[in-house]
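Here is the structure we will look at, set down as structure tokens.
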Amino acid sequence: MMLLRLLWEFCKVGLFSVGGGLATIPFLTQMGQRTGWFTSAQLADMIAVSESTPGPMGVNMASYVGFQVGGVAGGVMATLGLVLPSIAVILVVAKFLQKFRQSKVVDSVFYGLRAASTALITASMLQVARIALLHRAEAIGGNGEVETLYWPAILLAVVIFVLIRFTPAKKLHPICFIAFSAVMGVVFQL
């Protein structure tokens, strides 16, 4: 039953996350809260690892969650769930696109999808920034949690920004900055 649920949950993510891997983050956040399969901190780790490893980010995260919840079969089902809607949509669109390519309605739909994709990616960026740059702490008197700025992560972000914009290091390959950030994260437990 868990395998079918993994397939179903990731089919929903794959169907509605237009725009690629970053667009899956709002849906995965909601899924984690609803199912309890992973926390926000674990999602942040999944994003970091998925961005740093080869392959599509959404597929990497689906495979990881599926494996954590249901082993190898869970990883396969979650990955299938994520990609099956895209495959079905591509097959349908390819079949009809040639016929309707000159249609103003089709052009308008694709124009609207660009805006939706941009909004999902922006929401993802803000969510990742919040997880990475804010620190949750218990409020004084034990009345819930408050979020405060996490200065080590902010300092690292500023250093990376300065390096890639204003120094000769900007000519380095992006993997160098990813590796540098990973080392700093391990050393300073960011």
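Within each chain, counting starts at residue 1; across the structure tokens, chains are named A, B, ... in the order shown, with ligands numbered 1 upward in that order.
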| task | Show which residues sit within 7 Å of stretch 63-71 of chain A, as number ranges by chain. Count only C-alpha atoms, and ignore same-chain residues fewer than 6 positions away. | result | A: 3, 6, 37, 77-79
Output for the residues just chosen: N, CA, C and O atoms as a short mmCIF file (atom, residue, chain, number, x, y, z; two decimals), in the first residue's frame:
```cif
data_model
loop_
_atom_site.label_atom_id
_atom_site.label_comp_id
_atom_site.auth_asym_id
_atom_site.auth_seq_id
_atom_site.Cartn_x
_atom_site.Cartn_y
_atom_site.Cartn_z
N LEU A 3 3.76 1.64 -1.38
CA LEU A 3 4.32 1.84 -2.70
C LEU A 3 3.32 2.58 -3.61
O LEU A 3 3.70 3.48 -4.37
N LEU A 6 3.26 6.22 -2.55
CA LEU A 6 4.42 6.93 -3.09
C LEU A 6 4.20 7.28 -4.56
O LEU A 6 4.45 8.42 -4.99
N TRP A 37 6.93 12.25 5.96
CA TRP A 37 8.02 11.45 5.42
C TRP A 37 9.37 12.14 5.58
O TRP A 37 10.41 11.48 5.61
N MET A 77 9.21 3.49 -7.35
CA MET A 77 7.82 3.95 -7.47
C MET A 77 7.73 5.48 -7.41
O MET A 77 6.98 6.09 -8.17
N ALA A 78 8.47 6.11 -6.49
CA ALA A 78 8.44 7.57 -6.38
C ALA A 78 8.99 8.21 -7.65
O ALA A 78 8.43 9.19 -8.16
N THR A 79 10.07 7.66 -8.17
CA THR A 79 10.66 8.20 -9.40
C THR A 79 9.71 8.03 -10.57
O THR A 79 9.51 8.97 -11.37
#
```
| request: Excluding stretch 8-20 of chain A and any residue of its chain fewer than 2 positions from it, enumerate the residues within 9 Å of it, using only C-alpha atoms, and give them as JSON, numbers by chain. | output: {"A": [3, 4, 5, 6, 22, 23, 24, 25, 26, 27, 28, 31, 56, 57, 58, 62, 77, 78, 79, 80, 81, 82, 83, 84, 85, 86, 89, 113, 114, 116, 117, 118, 120, 121]}
Next, dump the selected residues to file, keeping only N, CA, C and O atoms, as a compact mmCIF listing (two decimals), in the first residue's frame.
```
# COMPACT_ATOMS: atom_id res chain seq x y z
N LEU A 3 3.76 1.64 -1.38
CA LEU A 3 4.32 1.84 -2.70
C LEU A 3 3.32 2.58 -3.61
O LEU A 3 3.70 3.48 -4.37
N LEU A 4 2.06 2.21 -3.51
CA LEU A 4 1.04 2.90 -4.30
C LEU A 4 0.88 4.35 -3.85
O LEU A 4 0.66 5.24 -4.68
N ARG A 5 0.99 4.57 -2.56
CA ARG A 5 0.88 5.95 -2.06
C ARG A 5 2.06 6.80 -2.56
O ARG A 5 1.89 7.95 -2.93
N LEU A 6 3.26 6.22 -2.55
CA LEU A 6 4.42 6.93 -3.09
C LEU A 6 4.20 7.28 -4.56
O LEU A 6 4.45 8.42 -4.99
N LEU A 22 13.33 22.84 -9.35
CA LEU A 22 13.05 23.84 -8.32
C LEU A 22 11.55 24.04 -8.13
O LEU A 22 11.11 24.36 -7.04
N ALA A 23 10.78 23.82 -9.17
CA ALA A 23 9.33 23.98 -9.08
C ALA A 23 8.70 22.89 -8.22
O ALA A 23 7.56 23.03 -7.79
N THR A 24 9.42 21.79 -7.98
CA THR A 24 8.87 20.72 -7.14
C THR A 24 8.94 21.05 -5.66
O THR A 24 8.22 20.44 -4.86
N ILE A 25 9.78 22.01 -5.27
CA ILE A 25 10.02 22.26 -3.85
C ILE A 25 8.76 22.65 -3.08
O ILE A 25 8.51 22.09 -2.01
N PRO A 26 7.91 23.58 -3.57
CA PRO A 26 6.69 23.87 -2.80
C PRO A 26 5.81 22.64 -2.62
O PRO A 26 5.22 22.44 -1.55
N PHE A 27 5.73 21.81 -3.65
CA PHE A 27 4.90 20.60 -3.56
C PHE A 27 5.52 19.59 -2.59
O PHE A 27 4.81 18.93 -1.83
N LEU A 28 6.84 19.47 -2.61
CA LEU A 28 7.52 18.56 -1.68
C LEU A 28 7.40 19.05 -0.24
O LEU A 28 7.25 18.25 0.68
N MET A 31 4.05 18.09 0.82
CA MET A 31 3.99 16.64 0.98
C MET A 31 4.64 16.21 2.30
O MET A 31 4.11 15.36 3.02
N PRO A 56 18.49 15.12 -12.89
CA PRO A 56 17.47 16.11 -12.59
C PRO A 56 17.18 16.17 -11.10
O PRO A 56 17.04 15.14 -10.43
N MET A 57 17.08 17.37 -10.60
CA MET A 57 16.90 17.59 -9.16
C MET A 57 15.63 16.91 -8.63
O MET A 57 15.65 16.25 -7.60
N GLY A 58 14.52 17.08 -9.32
CA GLY A 58 13.26 16.49 -8.86
C GLY A 58 13.33 14.97 -8.81
O GLY A 58 12.85 14.34 -7.86
N ALA A 62 12.92 12.65 -5.52
CA ALA A 62 11.89 11.60 -5.50
C ALA A 62 12.52 10.25 -5.18
O ALA A 62 12.00 9.49 -4.35
N MET A 77 9.21 3.49 -7.35
CA MET A 77 7.82 3.95 -7.47
C MET A 77 7.73 5.48 -7.41
O MET A 77 6.98 6.09 -8.17
N ALA A 78 8.47 6.11 -6.49
CA ALA A 78 8.44 7.57 -6.38
C ALA A 78 8.99 8.21 -7.65
O ALA A 78 8.43 9.19 -8.16
N THR A 79 10.07 7.66 -8.17
CA THR A 79 10.66 8.20 -9.40
C THR A 79 9.71 8.03 -10.57
O THR A 79 9.51 8.97 -11.37
N LEU A 80 9.11 6.85 -10.69
CA LEU A 80 8.10 6.64 -11.75
C LEU A 80 6.93 7.61 -11.60
O LEU A 80 6.46 8.18 -12.59
N GLY A 81 6.50 7.79 -10.37
CA GLY A 81 5.39 8.70 -10.12
C GLY A 81 5.71 10.12 -10.57
O GLY A 81 4.86 10.81 -11.12
N LEU A 82 6.94 10.54 -10.36
CA LEU A 82 7.33 11.89 -10.74
C LEU A 82 7.41 12.06 -12.26
O LEU A 82 7.01 13.09 -12.79
N VAL A 83 7.92 11.06 -12.97
CA VAL A 83 8.16 11.23 -14.41
C VAL A 83 7.00 10.80 -15.29
O VAL A 83 6.88 11.28 -16.42
N LEU A 84 6.13 9.91 -14.82
CA LEU A 84 5.02 9.43 -15.66
C LEU A 84 4.10 10.56 -16.16
O LEU A 84 3.75 10.56 -17.34
N PRO A 85 3.70 11.51 -15.31
CA PRO A 85 2.86 12.59 -15.85
C PRO A 85 3.55 13.38 -16.96
O PRO A 85 2.92 13.73 -17.95
N SER A 86 4.84 13.63 -16.81
CA SER A 86 5.56 14.37 -17.85
C SER A 86 5.60 13.59 -19.15
O SER A 86 5.42 14.16 -20.23
N VAL A 89 2.12 13.76 -20.72
CA VAL A 89 1.85 15.09 -21.27
C VAL A 89 2.66 15.32 -22.54
O VAL A 89 2.13 15.84 -23.53
N LEU A 113 2.18 29.50 -19.01
CA LEU A 113 3.00 28.52 -18.30
C LEU A 113 4.35 29.10 -17.90
O LEU A 113 4.90 28.74 -16.86
N ARG A 114 4.89 30.02 -18.69
CA ARG A 114 6.14 30.68 -18.32
C ARG A 114 5.98 31.44 -17.01
O ARG A 114 6.84 31.39 -16.14
N ALA A 116 3.72 30.88 -14.64
CA ALA A 116 3.52 29.91 -13.56
C ALA A 116 4.85 29.28 -13.15
O ALA A 116 5.13 29.12 -11.95
N SER A 117 5.66 28.95 -14.11
CA SER A 117 6.97 28.36 -13.84
C SER A 117 7.86 29.33 -13.08
O SER A 117 8.52 28.97 -12.10
N THR A 118 7.86 30.58 -13.48
CA THR A 118 8.64 31.61 -12.79
C THR A 118 8.18 31.78 -11.35
O THR A 118 9.00 31.88 -10.43
N LEU A 120 6.66 29.52 -9.43
CA LEU A 120 7.05 28.33 -8.64
C LEU A 120 8.53 28.35 -8.30
O LEU A 120 8.92 28.04 -7.16
N ILE A 121 9.36 28.75 -9.24
CA ILE A 121 10.80 28.80 -8.99
C ILE A 121 11.13 29.90 -7.98
O ILE A 121 11.97 29.72 -7.09
```
| So which bits of stretch 102-143 of chain A end up helix (DSSP H, G or I) when you DSSP the backbone, as number ranges by chain? | A: 104-133, 140-142
| query | Looking at A:Leu97, A:Leu43, A:Ile87, A:Val49, which one is nearest to A:Phe110, with distances taken over only C-alpha atoms? | reply |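 When distances to A:Phe110 are compared using only C-alpha atoms, the smallest one comes from A:Leu97.
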| field | A:Ala157, A:Met61, A:Ala182, A:Val76 ranked by distance to A:Ile47, top pick (using only C-alpha atoms) | value |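 Checking each of A:Ala157, A:Met61, A:Ala182, A:Val76 against A:Ile47, counting only C-alpha atoms, the winner is A:Met61.
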| Shell around stretch 149-151 of chain A at 8 Å using only C-alpha atoms, local window under 5 positions removed, as number ranges by chain | A: 132-135
Save the residues we just selected, N, CA, C and O atoms, as a short mmCIF file (atom, residue, chain, number, x, y, z; two decimals), in the first residue's frame?
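Output below, filename result_15.cif:
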```cif
data_model
loop_
_atom_site.label_atom_id
_atom_site.label_comp_id
_atom_site.auth_asym_id
_atom_site.auth_seq_id
_atom_site.Cartn_x
_atom_site.Cartn_y
_atom_site.Cartn_z
N ALA A 132 17.86 28.15 4.75
CA ALA A 132 19.31 28.25 4.86
C ALA A 132 19.77 29.43 5.71
O ALA A 132 20.79 29.32 6.41
N LEU A 133 19.05 30.54 5.68
CA LEU A 133 19.55 31.76 6.31
C LEU A 133 18.89 32.12 7.63
O LEU A 133 19.32 33.05 8.30
N LEU A 134 17.86 31.38 8.01
CA LEU A 134 17.20 31.63 9.29
C LEU A 134 17.39 30.43 10.21
O LEU A 134 17.43 29.29 9.77
N HIS A 135 17.49 30.72 11.49
CA HIS A 135 17.70 29.69 12.50
C HIS A 135 16.48 29.68 13.42
O HIS A 135 16.07 30.72 13.91
#
```
| request: One decimal, Å: what's the distance from atom CA of A:Ser40 over to atom CA of A:Arg130, could you say? | output: 10.5 Å
| said: I'd like the interatomic distance between atom CA of A:Cys176 and atom CA of A:Asp45, to a tenth of an Å. | reply: 19.0 Å
| field | A:Val106, A:Ala41, A:Val92, A:Ala48 ranked by distance to A:Ala179, top pick (using only C-alpha atoms) | value | A:Ala48
| message | Which of stretch 2-187 of chain A end up as strand (DSSP E or B) when DSSP is run on this backbone - answer as a list in words? | response | Leu134, His135, Arg136, Ala137, Glu138, Glu145, Val146, Glu147, Thr148 and Leu149 of chain A
